[in-house]
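Asks: Contents of upload-v8.tsv (TSV, C-alpha atoms and all ligand atoms) are given next:
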chain	number	residue	atom	x	y	z
V	1	MET	CA	13.38	11.58	-0.99
V	2	THR	CA	11.53	10.79	-4.20
V	3	GLY	CA	14.12	8.20	-5.12
V	4	PHE	CA	13.93	6.78	-1.61
V	5	ARG	CA	10.16	6.48	-1.82
V	6	LYS	CA	10.42	4.64	-5.13
V	7	LEU	CA	12.87	2.22	-3.52
V	8	ALA	CA	10.56	1.72	-0.56
V	9	LEU	CA	7.50	1.18	-2.67
V	10	GLY	CA	9.17	-0.95	-5.29
V	11	GLY	CA	11.63	-2.98	-3.29
V	12	VAL	CA	10.19	-3.43	0.14
V	13	ALA	CA	6.45	-3.12	-0.16
V	14	MET	CA	5.62	-6.60	-1.34
V	15	CYS	CA	1.87	-6.43	-0.81
V	16	ILE	CA	0.38	-9.83	-1.39
V	17	GLY	CA	-3.11	-8.85	-2.39
V	18	LEU	CA	-4.66	-9.09	1.05
V	19	GLY	CA	-8.34	-9.86	0.87
V	20	MET	CA	-8.16	-10.74	-2.83
V	21	SER	CA	-10.26	-13.85	-2.67
V	22	VAL	CA	-13.48	-14.25	-0.76
V	23	ALA	CA	-14.30	-17.90	-0.21
V	24	ALA	CA	-17.66	-18.90	1.25
V	25	HIS	CA	-17.28	-19.64	4.92
V	26	ALA	CA	-20.84	-19.85	6.19
V	27	ASP	CA	-21.16	-22.33	9.06
V	28	MET	CA	-17.55	-21.86	10.16
V	29	VAL	CA	-16.97	-21.05	13.81
V	30	ILE	CA	-13.65	-19.34	14.50
V	31	GLY	CA	-12.12	-18.20	17.77
V	32	PHE	CA	-10.06	-15.00	17.82
V	33	SER	CA	-7.76	-14.27	20.74
V	34	GLN	CA	-6.82	-10.61	20.42
V	35	ILE	CA	-4.09	-8.90	22.49
V	36	GLY	CA	-6.14	-5.92	23.64
V	37	SER	CA	-6.66	-2.37	22.43
V	38	GLU	CA	-3.34	-0.70	23.20
V	39	SER	CA	-3.12	1.30	19.97
V	40	GLY	CA	-5.14	2.84	17.19
V	41	TRP	CA	-3.77	0.20	14.85
V	42	ARG	CA	-4.94	-2.62	17.13
V	43	THR	CA	-8.45	-1.16	17.31
V	44	SER	CA	-8.60	-0.97	13.50
V	45	GLU	CA	-7.34	-4.53	13.16
V	46	THR	CA	-10.02	-5.83	15.54
V	47	ALA	CA	-12.77	-3.92	13.71
V	48	SER	CA	-11.52	-5.12	10.31
V	49	ILE	CA	-11.35	-8.80	11.34
V	50	LYS	CA	-14.81	-8.67	12.94
V	51	ALA	CA	-16.28	-6.98	9.83
V	52	GLU	CA	-14.64	-9.52	7.52
V	53	ALA	CA	-16.04	-12.41	9.58
V	54	GLU	CA	-19.51	-10.90	9.40
V	55	ARG	CA	-19.20	-10.35	5.66
V	56	ARG	CA	-18.35	-14.01	5.19
V	57	GLY	CA	-21.03	-15.34	7.55
V	58	ILE	CA	-18.45	-16.67	10.01
V	59	ASP	CA	-19.43	-17.06	13.65
V	60	LEU	CA	-16.47	-15.30	15.30
V	61	LYS	CA	-15.89	-15.91	19.01
V	62	PHE	CA	-13.87	-12.89	20.15
V	63	SER	CA	-11.74	-12.71	23.27
V	64	ASP	CA	-9.80	-9.63	24.44
V	65	ALA	CA	-6.75	-10.67	26.48
V	66	GLN	CA	-6.08	-7.22	27.96
V	67	GLN	CA	-2.35	-7.63	27.21
V	68	LYS	CA	-2.03	-10.83	29.25
V	69	GLN	CA	-0.62	-14.03	27.78
V	70	GLU	CA	-2.38	-16.11	30.45
V	71	ASN	CA	-5.74	-14.77	29.22
V	72	GLN	CA	-4.81	-15.73	25.67
V	73	ILE	CA	-3.90	-19.26	26.72
V	74	LYS	CA	-7.22	-19.58	28.57
V	75	ALA	CA	-9.09	-18.27	25.52
V	76	VAL	CA	-7.37	-20.74	23.17
V	77	ARG	CA	-8.21	-23.62	25.56
V	78	SER	CA	-11.80	-22.48	25.67
V	79	PHE	CA	-11.96	-22.36	21.85
V	80	ILE	CA	-10.54	-25.89	21.73
V	81	ALA	CA	-13.17	-27.07	24.24
V	82	GLN	CA	-15.89	-25.49	22.07
V	83	GLY	CA	-14.60	-27.43	19.03
V	84	VAL	CA	-14.17	-24.38	16.78
V	85	ASP	CA	-13.12	-24.81	13.14
V	86	GLY	CA	-10.05	-22.63	13.54
V	87	ILE	CA	-8.34	-20.15	15.82
V	88	LEU	CA	-6.78	-16.75	15.13
V	89	LEU	CA	-4.14	-15.89	17.69
V	90	ALA	CA	-2.42	-12.49	17.93
V	91	PRO	CA	0.30	-13.46	20.41
V	92	VAL	CA	1.23	-10.69	22.84
V	93	VAL	CA	4.74	-12.10	23.35
V	94	GLU	CA	6.88	-14.53	21.36
V	95	THR	CA	7.62	-17.27	23.90
V	96	GLY	CA	5.53	-19.65	25.98
V	97	TRP	CA	3.10	-20.98	23.35
V	98	ASP	CA	4.34	-24.53	22.68
V	99	GLN	CA	2.00	-26.32	25.09
V	100	VAL	CA	-1.26	-24.66	24.07
V	101	LEU	CA	-0.41	-24.81	20.36
V	102	GLN	CA	0.26	-28.53	20.77
V	103	GLU	CA	-3.16	-28.90	22.43
V	104	ALA	CA	-4.83	-27.20	19.45
V	105	LYS	CA	-2.88	-29.39	17.04
V	106	ASP	CA	-3.83	-32.56	18.95
V	107	ALA	CA	-7.48	-31.45	18.70
V	108	GLY	CA	-7.08	-31.01	14.92
V	109	ILE	CA	-7.81	-27.27	15.10
V	110	PRO	CA	-5.70	-25.06	12.80
V	111	VAL	CA	-4.21	-21.96	14.43
V	112	VAL	CA	-3.39	-18.87	12.38
V	113	LEU	CA	-0.99	-16.39	13.97
V	114	VAL	CA	-2.21	-12.94	13.06
V	115	ASP	CA	0.07	-9.91	13.06
V	116	ARG	CA	2.75	-11.21	15.48
V	117	GLY	CA	4.92	-14.33	15.52
V	118	VAL	CA	5.90	-16.92	18.12
V	119	ALA	CA	9.16	-18.67	18.98
V	120	ALA	CA	7.76	-22.18	18.50
V	121	SER	CA	8.02	-24.91	15.90
V	122	GLU	CA	6.22	-24.07	12.64
V	123	ASP	CA	4.57	-27.49	12.84
V	124	LEU	CA	2.42	-26.22	15.70
V	125	TYR	CA	0.47	-23.67	13.67
V	126	LEU	CA	-1.06	-23.46	10.21
V	127	THR	CA	0.38	-20.13	9.07
V	128	LYS	CA	1.36	-16.63	10.14
V	129	VAL	CA	-0.41	-13.70	8.45
V	130	ALA	CA	1.86	-10.80	9.28
V	131	SER	CA	4.21	-8.12	8.13
V	132	ASP	CA	7.97	-8.63	8.23
V	133	PHE	CA	8.81	-6.42	11.22
V	134	VAL	CA	12.54	-6.67	10.52
V	135	VAL	CA	11.95	-5.07	7.13
V	136	GLU	CA	9.88	-2.30	8.75
V	137	GLY	CA	12.71	-1.49	11.18
V	138	ALA	CA	15.24	-1.55	8.35
V	139	LEU	CA	13.10	0.77	6.27
V	140	ALA	CA	12.78	3.25	9.15
V	141	ALA	CA	16.56	3.24	9.59
V	142	ALA	CA	17.22	3.62	5.86
V	143	TRP	CA	14.91	6.66	5.79
V	144	LEU	CA	16.65	8.16	8.83
V	145	ALA	CA	20.12	7.59	7.39
V	146	ALA	CA	19.12	9.28	4.13
V	147	GLU	CA	17.42	12.18	5.92
V	148	THR	CA	20.36	12.90	8.25
V	149	ASN	CA	23.23	12.04	5.91
V	150	GLY	CA	24.15	9.28	8.32
V	151	VAL	CA	24.76	11.51	11.35
V	152	CYS	CA	22.21	11.32	14.17
V	153	ASP	CA	21.75	10.51	17.86
V	154	VAL	CA	18.50	8.56	18.04
V	155	VAL	CA	16.24	7.59	20.91
V	156	GLU	CA	14.14	4.47	20.46
V	157	LEU	CA	10.65	3.89	21.85
V	158	GLN	CA	10.27	0.13	21.88
V	159	GLY	CA	7.01	-1.79	21.76
V	160	THR	CA	5.85	-4.37	24.30
V	161	VAL	CA	8.77	-6.20	25.87
V	162	GLY	CA	9.07	-9.74	24.48
V	163	SER	CA	6.76	-9.14	21.51
V	164	SER	CA	7.91	-10.14	18.04
V	165	ALA	CA	6.94	-6.65	16.84
V	166	ALA	CA	9.36	-5.00	19.28
V	167	ASN	CA	12.14	-7.59	18.94
V	168	ASP	CA	12.14	-7.58	15.15
V	169	ARG	CA	11.64	-3.84	14.65
V	170	LYS	CA	14.62	-3.25	16.91
V	171	ALA	CA	16.74	-5.83	15.11
V	172	GLY	CA	15.83	-4.48	11.66
V	173	PHE	CA	16.65	-0.91	12.65
V	174	GLU	CA	19.97	-1.91	14.23
V	175	SER	CA	20.94	-3.99	11.19
V	176	VAL	CA	20.88	-0.85	9.04
V	177	VAL	CA	22.22	1.77	11.47
V	178	GLY	CA	25.13	-0.58	12.14
V	179	ASN	CA	26.42	0.50	8.72
V	180	PHE	CA	26.49	4.17	9.77
V	181	PRO	CA	29.18	4.83	12.38
V	182	ALA	CA	27.77	8.29	13.18
V	183	ILE	CA	24.22	7.09	13.87
V	184	ASN	CA	23.95	6.17	17.54
V	185	ILE	CA	20.98	4.80	19.48
V	186	ILE	CA	21.61	6.78	22.64
V	187	ARG	CA	18.55	5.62	24.61
V	188	SER	CA	16.07	2.78	24.16
V	189	GLN	CA	13.12	1.84	26.35
V	190	SER	CA	9.67	0.30	26.07
V	191	GLY	CA	6.59	2.51	25.89
V	192	ASP	CA	4.43	-0.64	25.55
V	193	PHE	CA	2.92	0.49	22.23
V	194	THR	CA	0.68	3.04	24.02
V	195	ARG	CA	0.41	6.79	23.56
V	196	SER	CA	0.76	7.42	27.30
V	197	GLY	CA	3.77	5.07	27.48
V	198	GLY	CA	5.44	6.87	24.57
V	199	LYS	CA	4.88	10.24	26.22
V	200	GLU	CA	6.16	9.14	29.60
V	201	VAL	CA	9.32	7.51	28.24
V	202	MET	CA	10.00	10.44	25.92
V	203	GLU	CA	9.74	12.83	28.89
V	204	SER	CA	12.43	10.85	30.65
V	205	PHE	CA	14.63	10.83	27.52
V	206	LEU	CA	14.26	14.60	27.17
V	207	LYS	CA	15.22	15.16	30.80
V	208	ALA	CA	18.23	12.88	30.52
V	209	GLU	CA	19.43	14.49	27.27
V	210	ASP	CA	19.71	18.14	28.23
V	211	GLY	CA	16.04	18.94	27.57
V	212	GLY	CA	16.27	17.19	24.20
V	213	LYS	CA	19.17	19.23	22.81
V	214	ASN	CA	21.21	16.06	22.29
V	215	ILE	CA	18.46	14.19	20.48
V	216	CYS	CA	18.39	14.25	16.69
V	217	ALA	CA	15.53	11.78	16.13
V	218	VAL	CA	12.96	9.45	17.65
V	219	TYR	CA	12.43	5.97	16.25
V	220	ALA	CA	9.08	4.77	17.64
V	221	HIS	CA	7.99	1.16	17.11
V	222	ASN	CA	4.44	2.42	16.54
V	223	ASP	CA	2.55	5.60	15.72
V	224	ASP	CA	0.79	5.87	19.08
V	225	MET	CA	4.10	6.12	20.93
V	226	ALA	CA	5.29	8.65	18.33
V	227	LEU	CA	2.19	10.74	19.02
V	228	GLY	CA	2.92	10.56	22.74
V	229	ALA	CA	6.48	11.69	22.01
V	230	VAL	CA	5.13	14.64	19.98
V	231	GLN	CA	3.26	15.86	23.06
V	232	ALA	CA	6.30	15.43	25.30
V	233	ILE	CA	8.57	17.29	22.86
V	234	LYS	CA	6.11	20.19	22.57
V	235	GLU	CA	5.79	20.41	26.35
V	236	ALA	CA	9.59	20.56	26.54
V	237	GLY	CA	9.49	23.65	24.31
V	238	LEU	CA	10.89	22.02	21.17
V	239	LYS	CA	9.37	21.53	17.73
V	240	PRO	CA	8.74	17.85	16.90
V	241	GLY	CA	9.39	17.05	13.24
V	242	ALA	CA	12.01	19.83	13.02
V	243	ASP	CA	14.16	20.04	16.19
V	244	ILE	CA	13.68	16.31	16.66
V	245	LEU	CA	12.78	14.11	13.67
V	246	ILE	CA	10.25	11.33	14.21
V	247	VAL	CA	9.84	8.08	12.26
V	248	SER	CA	7.31	5.43	13.30
V	249	ILE	CA	5.29	2.45	12.09
V	250	ASP	CA	1.55	1.71	11.51
V	251	ALA	CA	0.18	4.53	9.31
V	252	VAL	CA	-2.90	5.21	11.46
V	253	PRO	CA	-5.03	8.26	10.54
V	254	ASP	CA	-3.73	10.37	13.47
V	255	ILE	CA	-0.12	10.08	12.31
V	256	PHE	CA	-1.08	11.47	8.89
V	257	LYS	CA	-2.66	14.45	10.65
V	258	ALA	CA	0.56	14.88	12.66
V	259	MET	CA	2.70	14.61	9.50
V	260	ALA	CA	0.48	17.09	7.66
V	261	ASP	CA	0.95	19.46	10.62
V	262	GLY	CA	4.74	19.01	10.42
V	263	ASP	CA	4.98	17.19	13.76
V	264	THR	CA	6.32	13.86	12.47
V	265	ASN	CA	8.33	12.92	9.41
V	266	ALA	CA	7.68	9.38	8.19
V	267	THR	CA	5.56	6.32	8.89
V	268	ILE	CA	5.56	2.78	7.52
V	269	GLU	CA	2.21	1.19	6.88
V	270	LEU	CA	1.14	-1.91	8.77
V	271	ASN	CA	-1.91	-3.37	7.05
V	272	PRO	CA	-4.68	-4.05	9.61
V	273	HIS	CA	-6.83	-6.09	7.19
V	274	LEU	CA	-5.59	-9.52	8.16
V	275	GLY	CA	-8.95	-11.30	8.48
V	276	GLY	CA	-9.41	-12.19	4.79
V	277	PRO	CA	-6.16	-14.12	4.30
V	278	SER	CA	-6.50	-15.73	7.75
V	279	PHE	CA	-9.99	-17.06	7.07
V	280	ASP	CA	-8.95	-18.16	3.57
V	281	ALA	CA	-6.04	-20.12	5.07
V	282	ILE	CA	-8.33	-21.98	7.50
V	283	LYS	CA	-10.81	-22.75	4.72
V	284	THR	CA	-8.02	-24.01	2.46
V	285	ALA	CA	-6.66	-26.26	5.22
V	286	LYS	CA	-10.17	-27.59	5.97
V	287	ASP	CA	-10.58	-28.39	2.27
V	288	GLY	CA	-7.31	-30.34	2.33
V	289	GLY	CA	-5.17	-27.72	0.58
V	290	THR	CA	-1.75	-26.44	1.58
V	291	VAL	CA	-0.98	-23.00	2.93
V	292	ASP	CA	2.32	-21.09	3.02
V	293	LYS	CA	3.84	-20.81	6.50
V	294	TRP	CA	4.10	-17.03	6.28
V	295	ILE	CA	1.63	-14.89	4.35
V	296	LYS	CA	3.42	-11.54	4.26
V	297	ALA	CA	1.68	-8.22	4.39
V	298	ASN	CA	4.32	-5.47	4.22
V	299	GLY	CA	3.35	-1.89	3.44
V	300	PRO	CA	5.09	1.22	2.08
V	301	LEU	CA	6.70	4.20	3.79
V	302	PHE	CA	4.76	7.47	3.73
V	303	LEU	CA	6.19	10.98	3.90
V	304	PRO	CA	4.60	14.37	4.70
V	305	ASP	CA	4.01	15.28	1.04
V	306	THR	CA	1.01	12.95	0.81
V	307	ALA	CA	-0.04	13.13	4.46
V	308	ALA	CA	-3.01	15.51	4.10
V	309	GLU	CA	-4.41	13.46	1.23
V	310	GLU	CA	-3.90	10.19	3.14
V	311	TYR	CA	-5.50	11.66	6.27
V	312	ALA	CA	-8.54	12.73	4.26
V	313	LYS	CA	-8.89	9.20	2.82
V	314	ARG	CA	-8.28	7.33	6.05
V	315	SER	CA	-10.22	9.44	8.53
V	316	GLN	CA	-13.64	9.15	6.82
X	1	LIG	O1	2.03	-6.03	16.49
X	1	LIG	C1	1.86	-4.84	15.80
X	1	LIG	C2	1.91	-3.68	16.69
X	1	LIG	O2	1.04	-3.86	17.79
X	1	LIG	C3	1.48	-2.39	16.07
X	1	LIG	O3	2.51	-1.71	15.43
X	1	LIG	C4	1.08	-1.64	17.29
X	1	LIG	O4	0.45	-0.45	17.04
X	1	LIG	C5	0.31	-2.68	17.98
X	1	LIG	O5	-0.17	-2.41	19.16
Would you mind writing the structure in this file as structure tokens?
Ligand code: AHR
Replies:
Amino acid sequence: MTGFRKLALGGVAMCIGLGMSVAAHADMVIGFSQIGSESGWRTSETASIKAEAERRGIDLKFSDAQQKQENQIKAVRSFIAQGVDGILLAPVVETGWDQVLQEAKDAGIPVVLVDRGVAASEDLYLTKVASDFVVEGALAAAWLAAETNGVCDVVELQGTVGSSAANDRKAGFESVVGNFPAINIIRSQSGDFTRSGGKEVMESFLKAEDGGKNICAVYAHNDDMALGAVQAIKEAGLKPGADILIVSIDAVPDIFKAMADGDTNATIELNPHLGGPSFDAIKTAKDGGTVDKWIKANGPLFLPDTAAEEYAKRSQ
């Protein structure tokens, strides 16, 4: 595993120095259409972006869409009507954005996609500040293949249907397990990125798979669903992290506690501090500069050996 960690840290974790520069942004008014608060990661991301705006003197207009795309479209239109300097959009799903993005473009308002992507022309937005979800899925699969010597029946807890996070994490995982004929994804269903959704779907997987006896591992598209699965596995009388391995994505404090307790086995970090590079991009565009179309923010894979230490650092 040590060699694997080195590979993960060295090869895949291409951190791009998030929050490196702090430009002055006083007087800027920015709208932020957030998805909701479905997970611990999402709550941290919201808090981090709000804190970064405050630190920079930005007037941040925040709108919580409660998981509904129609609310996000309304919020973006309202930001356009208010004549904001820029918009951060965390799109709940990938499709259906062309019209409203065109409206923002016509109004001369730069839109930064934060965390998730859209299936629309790149000309319609300024940049995307996000992790490469395909890489995260591939990293989870590579860990699982190494841990199980390429022999495992896996159940997959998918994120929100239609989201780039779920689509790409699934694709990345499948791209790697496709090279291992004895790794099979035996069940796959959405738990909507929530703890309760993960628990409920895992309960149904356990029932369908002889109380869990046929399941070697859980691949959860986020930590909250993994934590829900932990509860379901315990209630089924099995030991999560041993009878059934668990790999997930986000690296929230609670997953480090679970790993330290032996309940889960690996997590891949998703950096929630996306405000700095997003605000910098808007400022650069306003000043006439150019901005890359994708500002990547991938993080490393963590294993139980550092979990207690990480939990202590992250839970303060
Ligand atoms: O889009 C990123 C995902 O959305 C995070 O992994 C998940 O926790 C969140 O809700």
Asks: Could you check how far atom CA of Phe256 of chain V sits from atom CA of Pro304 of chain V, in Å to one decimal?
Replies: 7.6 Å
Asks: Would you mind reading off the distance between atom CA of Val247 of chain V and atom CA of Gln69 of chain V, one decimal, in Å?
Replies: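 Going from atom CA of Val247 of chain V over to atom CA of Gln69 of chain V, I get 29.0 Å.
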Asks: Would you mind telling me which residue in V:Phe133, V:Phe173, V:Phe62, V:Phe193 lies nearest to ligand LIG 1 (chain X) when using only C-alpha atoms and all ligand atoms?
Replies: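 Checking each of V:Phe133, V:Phe173, V:Phe62, V:Phe193 against ligand LIG 1 (chain X), counting only C-alpha atoms and all ligand atoms, the winner is V:Phe193.
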Asks: Go through the chains and note each residue within 8 Å of ligand LIG 1 (chain X), using all atoms listed in the file, then give the set as an NGL selection string.
Replies: :V and (37-42 or 90 or 92 or 115-116 or 159 or 163-166 or 193-194 or 221-224 or 249-250 or 270)
Asks: What is the atom CA of Ile268 of chain V to atom CA of Gln158 of chain V distance in Å?
Replies: 15.3 Å
Asks: Which residues, written as number ranges by chain, have at least one atom at most 8 Å from Ile233 of chain V, with only C-alpha atoms counted and residues fewer than 5 positions away on the same chain left out?
Replies: V: 202-203, 206, 212, 238-240
Asks: Between V:Val201, V:Ile73, V:Val135, V:Leu303, which residue has the minimum interatomic distance to Gly241 of chain V, considering all atoms listed in the file?
Replies: V:Leu303
Asks: Which segment 172-240 of chain V residues have any atom within 6 Å of an atom of segment 138-156 of chain V, and for each, what is the nearest pair of atoms with distance in Å to one decimal, counting all atoms listed in the file, rows sorted by chain and number, as JSON lines?
Replies:
{"residue": "V:Gly172", "atom": "CA", "partner": "V:Ala138", "partner_atom": "CA", "distance": 4.5}
{"residue": "V:Phe173", "atom": "CA", "partner": "V:Ala138", "partner_atom": "CA", "distance": 4.6}
{"residue": "V:Val176", "atom": "CA", "partner": "V:Ala138", "partner_atom": "CA", "distance": 5.7}
{"residue": "V:Phe180", "atom": "CA", "partner": "V:Gly150", "partner_atom": "CA", "distance": 5.8}
{"residue": "V:Ala182", "atom": "CA", "partner": "V:Val151", "partner_atom": "CA", "distance": 4.8}
{"residue": "V:Ile183", "atom": "CA", "partner": "V:Cys152", "partner_atom": "CA", "distance": 4.7}
{"residue": "V:Asn184", "atom": "CA", "partner": "V:Asp153", "partner_atom": "CA", "distance": 4.9}
{"residue": "V:Ile185", "atom": "CA", "partner": "V:Val154", "partner_atom": "CA", "distance": 4.7}
{"residue": "V:Ile186", "atom": "CA", "partner": "V:Val155", "partner_atom": "CA", "distance": 5.7}
{"residue": "V:Arg187", "atom": "CA", "partner": "V:Val155", "partner_atom": "CA", "distance": 4.8}
{"residue": "V:Ser188", "atom": "CA", "partner": "V:Glu156", "partner_atom": "CA", "distance": 4.5}
{"residue": "V:Ile215", "atom": "CA", "partner": "V:Asp153", "partner_atom": "CA", "distance": 5.6}
{"residue": "V:Cys216", "atom": "CA", "partner": "V:Asp153", "partner_atom": "CA", "distance": 5.2}
{"residue": "V:Ala217", "atom": "CA", "partner": "V:Val154", "partner_atom": "CA", "distance": 4.8}
{"residue": "V:Val218", "atom": "CA", "partner": "V:Val155", "partner_atom": "CA", "distance": 5.0}
{"residue": "V:Tyr219", "atom": "CA", "partner": "V:Glu156", "partner_atom": "CA", "distance": 4.8}
{"residue": "V:Ala220", "atom": "CA", "partner": "V:Glu156", "partner_atom": "CA", "distance": 5.8}
